[in-house]
>>> print(open('upload.pdb').read())   # PDB, C-alpha atoms and all ligand atoms
MODEL        1
ATOM      1  CA  MET A 585      11.392 -15.663 -36.587  1.00  0.00           C
ATOM      2  CA  GLN A 586       7.677 -15.943 -37.263  1.00  0.00           C
ATOM      3  CA  MET A 587       5.494 -17.774 -34.802  1.00  0.00           C
ATOM      4  CA  THR A 588       2.158 -19.043 -36.022  1.00  0.00           C
ATOM      5  CA  ARG A 589       0.506 -19.647 -32.662  1.00  0.00           C
ATOM      6  CA  CYS A 590       0.584 -17.944 -29.286  1.00  0.00           C
ATOM      7  CA  MET A 591       2.469 -20.108 -26.796  1.00  0.00           C
ATOM      8  CA  ASN A 592       0.235 -18.975 -23.975  1.00  0.00           C
ATOM      9  CA  CYS A 593      -3.281 -19.435 -25.355  1.00  0.00           C
ATOM     10  CA  GLY A 594      -2.683 -21.212 -28.662  1.00  0.00           C
ATOM     11  CA  ALA A 595      -4.479 -18.565 -30.762  1.00  0.00           C
ATOM     12  CA  GLU A 596      -3.224 -17.801 -34.266  1.00  0.00           C
ATOM     13  CA  ARG A 597      -1.143 -14.652 -34.330  1.00  0.00           C
ATOM     14  CA  ASP A 598       0.561 -12.553 -36.935  1.00  0.00           C
ATOM     15  CA  GLU A 599       1.948  -9.836 -34.670  1.00  0.00           C
ATOM     16  CA  ASP A 600       4.273 -10.115 -31.708  1.00  0.00           C
ATOM     17  CA  LYS A 601       1.448  -9.277 -29.319  1.00  0.00           C
ATOM     18  CA  CYS A 602      -1.319 -11.863 -29.150  1.00  0.00           C
ATOM     19  CA  ASP A 603      -4.800 -10.461 -29.919  1.00  0.00           C
ATOM     20  CA  VAL A 604      -6.540 -12.931 -27.634  1.00  0.00           C
ATOM     21  CA  CYS A 605      -4.529 -12.947 -24.392  1.00  0.00           C
ATOM     22  CA  GLY A 606      -2.486  -9.803 -24.941  1.00  0.00           C
ATOM     23  CA  LEU A 607       0.905 -11.363 -24.211  1.00  0.00           C
ATOM     24  CA  THR A 608       3.988 -10.667 -26.297  1.00  0.00           C
ATOM     25  CA  SER A 609       5.877 -13.673 -27.652  1.00  0.00           C
ATOM     26  CA  THR A 610       8.490 -13.350 -24.879  1.00  0.00           C
ATOM     27  CA  ALA A 611       5.848 -13.109 -22.145  1.00  0.00           C
ATOM     28  CA  ALA A 612       3.991 -16.048 -23.694  1.00  0.00           C
ATOM     29  CA  GLU A 613       7.190 -18.082 -23.671  1.00  0.00           C
ATOM     30  CA  PHE A 614       7.724 -17.400 -19.947  1.00  0.00           C
ATOM     31  CA  SER A 615       4.110 -18.199 -19.222  1.00  0.00           C
ATOM     32  CA  LEU A 616       4.405 -21.514 -21.085  1.00  0.00           C
ATOM     33  CA  ARG A 617       7.655 -22.452 -19.354  1.00  0.00           C
ATOM     34  CA  SER A 618       6.266 -21.781 -15.893  1.00  0.00           C
ATOM     35  CA  LYS A 619       3.164 -23.824 -16.736  1.00  0.00           C
ATOM     36  CA  LEU A 620       5.419 -26.637 -17.959  1.00  0.00           C
ATOM     37  CA  LEU A 621       7.305 -26.548 -14.678  1.00  0.00           C
ATOM     38  CA  ASN A 622       4.052 -26.745 -12.678  1.00  0.00           C
ATOM     39  CA  ARG A 623       2.694 -29.611 -14.745  1.00  0.00           C
ATOM     40  CA  THR A 624       5.991 -31.453 -14.474  1.00  0.00           C
ATOM     41  CA  ALA A 625       5.772 -31.107 -10.679  1.00  0.00           C
ATOM     42  CA  ILE A 626       2.231 -32.531 -10.760  1.00  0.00           C
ATOM     43  CA  PHE A 627       3.474 -35.380 -12.955  1.00  0.00           C
ATOM     44  CA  LEU A 628       6.407 -36.192 -10.633  1.00  0.00           C
ATOM     45  CA  LEU A 629       4.099 -36.123  -7.610  1.00  0.00           C
ATOM     46  CA  GLY A 630       1.827 -38.550  -9.456  1.00  0.00           C
ATOM     47  CA  ALA A 631       4.787 -40.842 -10.107  1.00  0.00           C
ATOM     48  CA  VAL A 632       5.659 -40.797  -6.383  1.00  0.00           C
ATOM     49  CA  THR A 633       2.015 -41.543  -5.510  1.00  0.00           C
ATOM     50  CA  PHE A 634       2.109 -44.423  -7.964  1.00  0.00           C
ATOM     51  CA  VAL A 635       5.212 -45.864  -6.278  1.00  0.00           C
ATOM     52  CA  VAL A 636       3.452 -45.592  -2.888  1.00  0.00           C
ATOM     53  CA  ALA A 637       0.340 -47.307  -4.278  1.00  0.00           C
ATOM     54  CA  SER A 638       2.352 -50.085  -5.881  1.00  0.00           C
ATOM     55  CA  GLY A 639       4.124 -50.699  -2.559  1.00  0.00           C
ATOM     56  CA  ARG A 640       0.907 -50.671  -0.545  1.00  0.00           C
ATOM     57  CA  TYR A 641      -0.976 -53.043  -2.874  1.00  0.00           C
ATOM     58  CA  PRO A 642       1.759 -54.874  -4.798  1.00  0.00           C
ATOM     59  CA  ALA A 643       0.385 -56.375  -7.984  1.00  0.00           C
ATOM     60  CA  LEU A 644       1.456 -59.866  -8.934  1.00  0.00           C
ATOM     61  CA  GLU A 645       2.538 -58.417 -12.274  1.00  0.00           C
ATOM     62  CA  LEU A 646       4.261 -55.471 -10.603  1.00  0.00           C
ATOM     63  CA  ASP A 647       7.408 -55.639 -12.723  1.00  0.00           C
ATOM     64  CA  GLY A 648       5.467 -55.421 -15.977  1.00  0.00           C
ATOM     65  CA  ILE A 649       3.511 -52.456 -14.595  1.00  0.00           C
ATOM     66  CA  LEU A 650       6.723 -50.771 -13.428  1.00  0.00           C
ATOM     67  CA  ILE A 651       8.327 -51.192 -16.847  1.00  0.00           C
ATOM     68  CA  PHE A 652       5.253 -49.624 -18.451  1.00  0.00           C
ATOM     69  CA  ILE A 653       5.197 -46.661 -16.048  1.00  0.00           C
ATOM     70  CA  GLY A 654       8.986 -46.294 -16.452  1.00  0.00           C
ATOM     71  CA  VAL A 655       8.635 -46.022 -20.228  1.00  0.00           C
ATOM     72  CA  VAL A 656       5.796 -43.492 -19.828  1.00  0.00           C
ATOM     73  CA  PHE A 657       7.913 -41.568 -17.310  1.00  0.00           C
ATOM     74  CA  PHE A 658      10.912 -41.146 -19.596  1.00  0.00           C
ATOM     75  CA  ILE A 659       8.815 -40.430 -22.698  1.00  0.00           C
ATOM     76  CA  THR A 660       6.947 -37.712 -20.780  1.00  0.00           C
ATOM     77  CA  LEU A 661      10.124 -36.095 -19.448  1.00  0.00           C
ATOM     78  CA  GLY A 662      11.662 -36.364 -22.931  1.00  0.00           C
ATOM     79  CA  ILE A 663       8.677 -34.513 -24.377  1.00  0.00           C
ATOM     80  CA  ALA A 664       8.993 -31.876 -21.618  1.00  0.00           C
ATOM     81  CA  ILE A 665      12.646 -31.257 -22.534  1.00  0.00           C
ATOM     82  CA  TRP A 666      11.847 -31.145 -26.255  1.00  0.00           C
ATOM     83  CA  LEU A 667       8.927 -28.787 -25.609  1.00  0.00           C
ATOM     84  CA  GLU A 668      11.081 -26.465 -23.526  1.00  0.00           C
ATOM     85  CA  ARG A 669      13.740 -26.306 -26.267  1.00  0.00           C
ATOM     86  CA  ARG A 670      11.152 -25.529 -28.918  1.00  0.00           C
ATOM     87  CA  ALA A 671       9.620 -22.848 -26.693  1.00  0.00           C
ATOM     88  CA  VAL A 672      13.011 -21.191 -26.201  1.00  0.00           C
ATOM     89  CA  ALA A 673      13.578 -21.302 -29.965  1.00  0.00           C
ATOM     90  CA  HIS A 674      10.041 -19.886 -30.512  1.00  0.00           C
ATOM     91  CA  GLN A 675       9.006 -22.846 -32.631  1.00  0.00           C
ATOM     92  CA  ASP A 676       5.462 -24.172 -32.830  1.00  0.00           C
ATOM     93  CA  VAL A 677       4.632 -26.158 -29.680  1.00  0.00           C
ATOM     94  CA  ASP A 678       0.894 -26.691 -29.927  1.00  0.00           C
ATOM     95  CA  ILE A 679       0.759 -30.425 -30.686  1.00  0.00           C
ATOM     96  CA  LEU A 680       3.588 -31.309 -28.296  1.00  0.00           C
ATOM     97  CA  LYS A 681       1.907 -29.260 -25.586  1.00  0.00           C
ATOM     98  CA  ARG A 682      -1.352 -31.192 -25.988  1.00  0.00           C
ATOM     99  CA  LEU A 683       0.507 -34.490 -25.948  1.00  0.00           C
ATOM    100  CA  TYR A 684       2.404 -33.464 -22.833  1.00  0.00           C
ATOM    101  CA  TYR A 685      -0.675 -32.218 -20.970  1.00  0.00           C
ATOM    102  CA  GLY A 686      -2.419 -35.459 -21.882  1.00  0.00           C
ATOM    103  CA  LEU A 687       0.329 -37.544 -20.265  1.00  0.00           C
ATOM    104  CA  ILE A 688       0.401 -35.592 -16.964  1.00  0.00           C
ATOM    105  CA  PRO A 689      -2.598 -37.357 -15.317  1.00  0.00           C
ATOM    106  CA  LEU A 690      -1.444 -40.847 -16.318  1.00  0.00           C
ATOM    107  CA  PRO A 691       0.576 -41.739 -13.180  1.00  0.00           C
ATOM    108  CA  TRP A 692      -2.272 -40.341 -11.045  1.00  0.00           C
ATOM    109  CA  LEU A 693      -4.801 -42.519 -12.879  1.00  0.00           C
ATOM    110  CA  LEU A 694      -2.634 -45.608 -12.528  1.00  0.00           C
ATOM    111  CA  ALA A 695      -1.988 -44.857  -8.844  1.00  0.00           C
ATOM    112  CA  GLY A 696      -5.737 -44.411  -8.305  1.00  0.00           C
ATOM    113  CA  LEU A 697      -6.392 -47.678 -10.107  1.00  0.00           C
ATOM    114  CA  LEU A 698      -3.945 -49.588  -7.896  1.00  0.00           C
ATOM    115  CA  PHE A 699      -5.310 -47.986  -4.697  1.00  0.00           C
ATOM    116  CA  MET A 700      -8.880 -48.770  -5.725  1.00  0.00           C
ATOM    117  CA  ASN A 701      -7.958 -52.286  -6.823  1.00  0.00           C
ATOM    118  CA  GLY A 702      -6.516 -53.058  -3.392  1.00  0.00           C
ATOM    119  CA  MET A 703      -8.428 -50.841  -0.960  1.00  0.00           C
ATOM    120  CA  LEU A 704     -11.921 -51.718  -2.209  1.00  0.00           C
ATOM    121  CA  ASP A 705     -11.079 -55.348  -2.888  1.00  0.00           C
ATOM    122  CA  ALA A 706     -13.815 -57.480  -1.303  1.00  0.00           C
ATOM    123  CA  SER A 707     -12.614 -60.746  -2.843  1.00  0.00           C
ATOM    124  CA  LYS A 708     -11.527 -63.643  -0.658  1.00  0.00           C
ATOM    125  CA  MET A 709      -7.834 -64.111  -0.085  1.00  0.00           C
ATOM    126  CA  HIS A 710      -6.491 -67.390  -1.416  1.00  0.00           C
ATOM    127  CA  SER A 711      -3.250 -69.182  -0.646  1.00  0.00           C
ATOM    128  CA  GLU A 712      -1.082 -70.475  -3.447  1.00  0.00           C
ATOM    129  CA  GLN A 713       1.689 -72.996  -2.919  1.00  0.00           C
ATOM    130  CA  ALA A 714       5.052 -72.211  -4.390  1.00  0.00           C
ATOM    131  CA  ARG A 715       8.734 -72.951  -4.038  1.00  0.00           C
ATOM    132  CA  VAL A 716      11.351 -70.224  -3.786  1.00  0.00           C
ATOM    133  CA  ILE A 717      13.757 -70.528  -6.710  1.00  0.00           C
ATOM    134  CA  SER A 718      15.813 -67.413  -6.170  1.00  0.00           C
ATOM    135  CA  LYS A 719      15.739 -63.921  -4.718  1.00  0.00           C
ATOM    136  CA  PHE A 720      16.370 -60.548  -6.235  1.00  0.00           C
ATOM    137  CA  SER A 721      16.897 -57.201  -4.591  1.00  0.00           C
ATOM    138  CA  MET A 722      17.715 -53.805  -5.954  1.00  0.00           C
ATOM    139  CA  PRO A 723      18.945 -51.272  -3.386  1.00  0.00           C
ATOM    140  CA  GLY A 724      18.365 -47.537  -3.604  1.00  0.00           C
ATOM    141  CA  PRO A 725      15.588 -45.043  -2.866  1.00  0.00           C
ATOM    142  CA  MET A 726      13.127 -47.185  -4.841  1.00  0.00           C
ATOM    143  CA  ALA A 727      14.413 -50.438  -3.397  1.00  0.00           C
ATOM    144  CA  SER A 728      12.660 -53.497  -4.711  1.00  0.00           C
ATOM    145  CA  ARG A 729      12.811 -57.020  -3.361  1.00  0.00           C
ATOM    146  CA  ARG A 730      11.422 -60.059  -5.122  1.00  0.00           C
ATOM    147  CA  LEU A 731      11.089 -63.702  -4.325  1.00  0.00           C
ATOM    148  CA  ILE A 732      11.234 -65.659  -7.548  1.00  0.00           C
ATOM    149  CA  VAL A 733       8.918 -68.623  -7.023  1.00  0.00           C
ATOM    150  CA  THR A 734       7.360 -71.380  -9.090  1.00  0.00           C
ATOM    151  CA  SER A 735       4.081 -70.311 -10.615  1.00  0.00           C
ATOM    152  CA  TRP A 736       0.656 -71.725  -9.829  1.00  0.00           C
ATOM    153  CA  ARG A 737      -0.886 -70.039 -12.838  1.00  0.00           C
ATOM    154  CA  GLU A 738      -1.361 -71.728 -16.145  1.00  0.00           C
ATOM    155  CA  GLY A 739       0.971 -70.461 -18.818  1.00  0.00           C
ATOM    156  CA  HIS A 740       3.381 -68.977 -16.273  1.00  0.00           C
ATOM    157  CA  HIS A 741       6.635 -70.595 -15.191  1.00  0.00           C
ATOM    158  CA  LEU A 742       7.679 -68.124 -12.520  1.00  0.00           C
ATOM    159  CA  GLU A 743       6.207 -65.435 -10.331  1.00  0.00           C
ATOM    160  CA  ARG A 744       8.184 -62.484  -9.112  1.00  0.00           C
ATOM    161  CA  ILE A 745       6.620 -61.822  -5.719  1.00  0.00           C
ATOM    162  CA  PRO A 746       7.158 -58.328  -4.293  1.00  0.00           C
ATOM    163  CA  VAL A 747       8.086 -58.629  -0.608  1.00  0.00           C
ATOM    164  CA  ASP A 748       9.293 -56.377   2.181  1.00  0.00           C
ATOM    165  CA  ARG A 749      12.718 -56.605   3.769  1.00  0.00           C
ATOM    166  CA  VAL A 750      11.570 -58.926   6.584  1.00  0.00           C
ATOM    167  CA  ASP A 751      10.087 -61.497   4.211  1.00  0.00           C
ATOM    168  CA  PHE A 752      12.983 -61.125   1.841  1.00  0.00           C
ATOM    169  CA  ASP A 753      15.468 -62.069   4.580  1.00  0.00           C
ATOM    170  CA  ARG A 754      13.212 -64.745   6.054  1.00  0.00           C
ATOM    171  CA  PHE A 755      13.036 -67.004   3.010  1.00  0.00           C
ATOM    172  CA  THR A 756      15.800 -68.774   1.165  1.00  0.00           C
ATOM    173  CA  LYS A 757      16.109 -70.767  -2.011  1.00  0.00           C
ATOM    174  CA  GLY A 758      14.236 -74.071  -1.831  1.00  0.00           C
ATOM    175  CA  ASP A 759      11.699 -72.965   0.805  1.00  0.00           C
ATOM    176  CA  LEU A 760       8.117 -74.065   0.322  1.00  0.00           C
ATOM    177  CA  VAL A 761       5.866 -71.082   0.837  1.00  0.00           C
ATOM    178  CA  ASP A 762       2.246 -70.009   0.714  1.00  0.00           C
ATOM    179  CA  VAL A 763       1.634 -66.848  -1.259  1.00  0.00           C
ATOM    180  CA  GLN A 764      -1.519 -65.012  -0.202  1.00  0.00           C
ATOM    181  CA  VAL A 765      -3.194 -63.462  -3.198  1.00  0.00           C
ATOM    182  CA  LYS A 766      -6.342 -61.403  -3.670  1.00  0.00           C
ATOM    183  CA  ASP A 767      -8.003 -60.992  -7.045  1.00  0.00           C
ATOM    184  CA  GLY A 768      -8.385 -57.225  -6.925  1.00  0.00           C
ATOM    185  CA  LEU A 769     -11.413 -55.031  -7.554  1.00  0.00           C
ATOM    186  CA  VAL A 770     -10.432 -54.371 -11.171  1.00  0.00           C
ATOM    187  CA  SER A 771      -8.899 -57.830 -11.682  1.00  0.00           C
ATOM    188  CA  ILE A 772      -5.295 -56.910 -10.973  1.00  0.00           C
ATOM    189  CA  PRO A 773      -4.246 -59.766  -8.633  1.00  0.00           C
ATOM    190  CA  TRP A 774      -2.090 -58.538  -5.766  1.00  0.00           C
ATOM    191  CA  VAL A 775      -0.032 -60.107  -3.008  1.00  0.00           C
ATOM    192  CA  THR A 776      -1.025 -59.601   0.625  1.00  0.00           C
ATOM    193  CA  GLY A 777       1.727 -61.714   2.147  1.00  0.00           C
ATOM    194  CA  VAL A 778       4.002 -64.729   2.067  1.00  0.00           C
ATOM    195  CA  SER A 779       4.288 -67.366   4.774  1.00  0.00           C
ATOM    196  CA  MET A 780       6.315 -70.522   5.352  1.00  0.00           C
ATOM    197  CA  ARG A 781       4.326 -73.630   4.656  1.00  0.00           C
TER     198      ARG A 781
HETATM  199 ZN    ZN B 801      -2.319 -15.603 -26.651  1.00  0.00          ZN
ENDMDL
END
>>> encode(input="upload.pdb", output="structure tokens", more="lines below")
Ligand SMILES: [Zn+2]
Amino acid sequence: MQMTRCMNCGAERDEDKCDVCGLTSTAAEFSLRSKLLNRTAIFLLGAVTFVVASGRYPALELDGILIFIGVVFFITLGIAIWLERRAVAHQDVDILKRLYYGLIPLPWLLAGLLFMNGMLDASKMHSEQARVISKFSMPGPMASRRLIVTSWREGHHLERIPVDRVDFDRFTKGDLVDVQVKDGLVSIPWVTGVSMR
């Protein structure tokens, strides 16, 4: 099987041993796979950091953001699996590798954005009146609890307010509540708390 590029350094090669980095195709494959493993670890750590950030400064549109990061997450892991299979089969991996490496910082960037948006937010908190319509909770390691309330924003019917366990248990359907919202440094509104009106 002829490989056109070195899996380690990406240089063109016509012999088994790469002229640029000196690795054989087998050594280059191992080098690539260990790099993939390291990058995947960095990516997963970024995803965890993102979950922490989204819990610390819960965006009003958290569910939309979570769906986006979820799609990115599975696409990235899918590419990692595909890349690994191609590496084992000694097929060309250059473009996939670039794509994969490009996706690695994404959860870190999004986590940083959410932290910055909340931590450096100097905007005034405002209270919005709403009525609890229903509640939603998903158990598990990434447990999420939402109060579904009437929206105060134009063009929105409902808001899905991220709350902690205490607030989730405290409110029931029909309650009139005040939702405390801050506008966010980079204009991602986030919820600082919910109280009974
Ligand atoms: Zn090389």
>>> closest_atom_pairs(input="upload.pdb", of="chain A", to="ligand ZN 801 (chain B)", cutoff="10 Å", atoms="all atoms listed in the file", output="JSON lines")
{"residue": "A:Arg589", "atom": "CA", "partner": "B:ZN801", "partner_atom": "ZN", "distance": 7.8}
{"residue": "A:Cys590", "atom": "CA", "partner": "B:ZN801", "partner_atom": "ZN", "distance": 4.6}
{"residue": "A:Met591", "atom": "CA", "partner": "B:ZN801", "partner_atom": "ZN", "distance": 6.6}
{"residue": "A:Asn592", "atom": "CA", "partner": "B:ZN801", "partner_atom": "ZN", "distance": 5.0}
{"residue": "A:Cys593", "atom": "CA", "partner": "B:ZN801", "partner_atom": "ZN", "distance": 4.2}
{"residue": "A:Gly594", "atom": "CA", "partner": "B:ZN801", "partner_atom": "ZN", "distance": 6.0}
{"residue": "A:Ala595", "atom": "CA", "partner": "B:ZN801", "partner_atom": "ZN", "distance": 5.5}
{"residue": "A:Glu596", "atom": "CA", "partner": "B:ZN801", "partner_atom": "ZN", "distance": 8.0}
{"residue": "A:Arg597", "atom": "CA", "partner": "B:ZN801", "partner_atom": "ZN", "distance": 7.8}
{"residue": "A:Asp600", "atom": "CA", "partner": "B:ZN801", "partner_atom": "ZN", "distance": 10.0}
{"residue": "A:Lys601", "atom": "CA", "partner": "B:ZN801", "partner_atom": "ZN", "distance": 7.8}
{"residue": "A:Cys602", "atom": "CA", "partner": "B:ZN801", "partner_atom": "ZN", "distance": 4.6}
{"residue": "A:Asp603", "atom": "CA", "partner": "B:ZN801", "partner_atom": "ZN", "distance": 6.6}
{"residue": "A:Val604", "atom": "CA", "partner": "B:ZN801", "partner_atom": "ZN", "distance": 5.1}
{"residue": "A:Cys605", "atom": "CA", "partner": "B:ZN801", "partner_atom": "ZN", "distance": 4.1}
{"residue": "A:Gly606", "atom": "CA", "partner": "B:ZN801", "partner_atom": "ZN", "distance": 6.0}
{"residue": "A:Leu607", "atom": "CA", "partner": "B:ZN801", "partner_atom": "ZN", "distance": 5.9}
{"residue": "A:Thr608", "atom": "CA", "partner": "B:ZN801", "partner_atom": "ZN", "distance": 8.0}
{"residue": "A:Ser609", "atom": "CA", "partner": "B:ZN801", "partner_atom": "ZN", "distance": 8.5}
{"residue": "A:Ala611", "atom": "CA", "partner": "B:ZN801", "partner_atom": "ZN", "distance": 9.7}
{"residue": "A:Ala612", "atom": "CA", "partner": "B:ZN801", "partner_atom": "ZN", "distance": 7.0}
>>> resolve_selection(input="upload.pdb", expression="the PyMOL selection byres (((chain A and resi 667-679) around 7) and not hetatm)", output="list in words")
Met587, Thr588, Arg589, Gly594, Glu613, Arg617, Ile663, Ala664, Ile665, Trp666, Leu680, Lys681, Arg682 and Leu683 of chain A
>>> resolve_selection(input="upload.pdb", expression="the PyMOL selection byres (((chain A and resi 624-635) around 9) and not hetatm)", output="list in words")
Lys619, Leu620, Leu621, Asn622, Arg623, Val636, Ala637, Ser638, Gly639, Arg640, Leu650, Ile653, Phe657, Thr660, Leu661, Ala664, Leu687, Ile688, Pro689, Leu690, Pro691, Trp692, Leu693, Leu694, Ala695, Gly696, Leu698, Phe699 and Met726 of chain A
>>> resolve_selection(input="upload.pdb", expression="the PyMOL selection byres (((chain A and resi 720) around 10) and not hetatm)", output="MDAnalysis selection string")
chainID A and resid 718:719 721:722 728:732 744:746 752
>>> closest_residue(input="upload.pdb", among="A:Thr734, A:Ser779, A:Thr610, A:Ser618", to="Arg754 of chain A", atoms="all atoms listed in the file")
A:Ser779
>>> atom_distance(input="upload.pdb", atom1="atom CA of Asp751 of chain A", atom2="atom CA of Leu769 of chain A")
25.3 Å
>>> atom_distance(input="upload.pdb", atom1="atom CA of Gln713 of chain A", atom2="atom CA of Gly758 of chain A")
12.6 Å
>>> atom_distance(input="upload.pdb", atom1="atom CA of Asp753 of chain A", atom2="atom CA of Glu712 of chain A")
20.2 Å
>>> closest_residue(input="upload.pdb", among="A:Met780, A:Phe614, A:Thr756, A:Ile772", to="Ile649 of chain A", atoms="only C-alpha atoms")
A:Ile772
>>> residues_around(input="upload.pdb", residues="Met709 of chain A", least_positions_apart="5", cutoff="8 Å", atoms="all atoms listed in the file", output="list in words")
Gln764, Val765, Lys766 and Asp767 of chain A
>>> closest_residue(input="upload.pdb", among="A:Arg749, A:Lys757, A:His740, A:Arg781", to="Leu644 of chain A", atoms="all atoms listed in the file")
A:His740
>>> closest_residue(input="upload.pdb", among="A:Pro723, A:Glu743, A:Gly686, A:Glu738", to="Val656 of chain A", atoms="only C-alpha atoms")
A:Gly686
>>> residues_around(input="upload.pdb", residues="Gly702 of chain A", least_positions_apart="6", cutoff="8 Å", atoms="only C-alpha atoms", output="PyMOL selection string")
chain A and resi 641+768-769+774
>>> closest_residue(input="upload.pdb", among="A:Tyr685, A:Val716, A:Met703, A:Val747", to="Val775 of chain A", atoms="only C-alpha atoms")
A:Val747
>>> closest_residue(input="upload.pdb", among="A:Ala643, A:Leu616, A:Ala727, A:Ile717", to="Gly777 of chain A", atoms="only C-alpha atoms")
A:Ala643
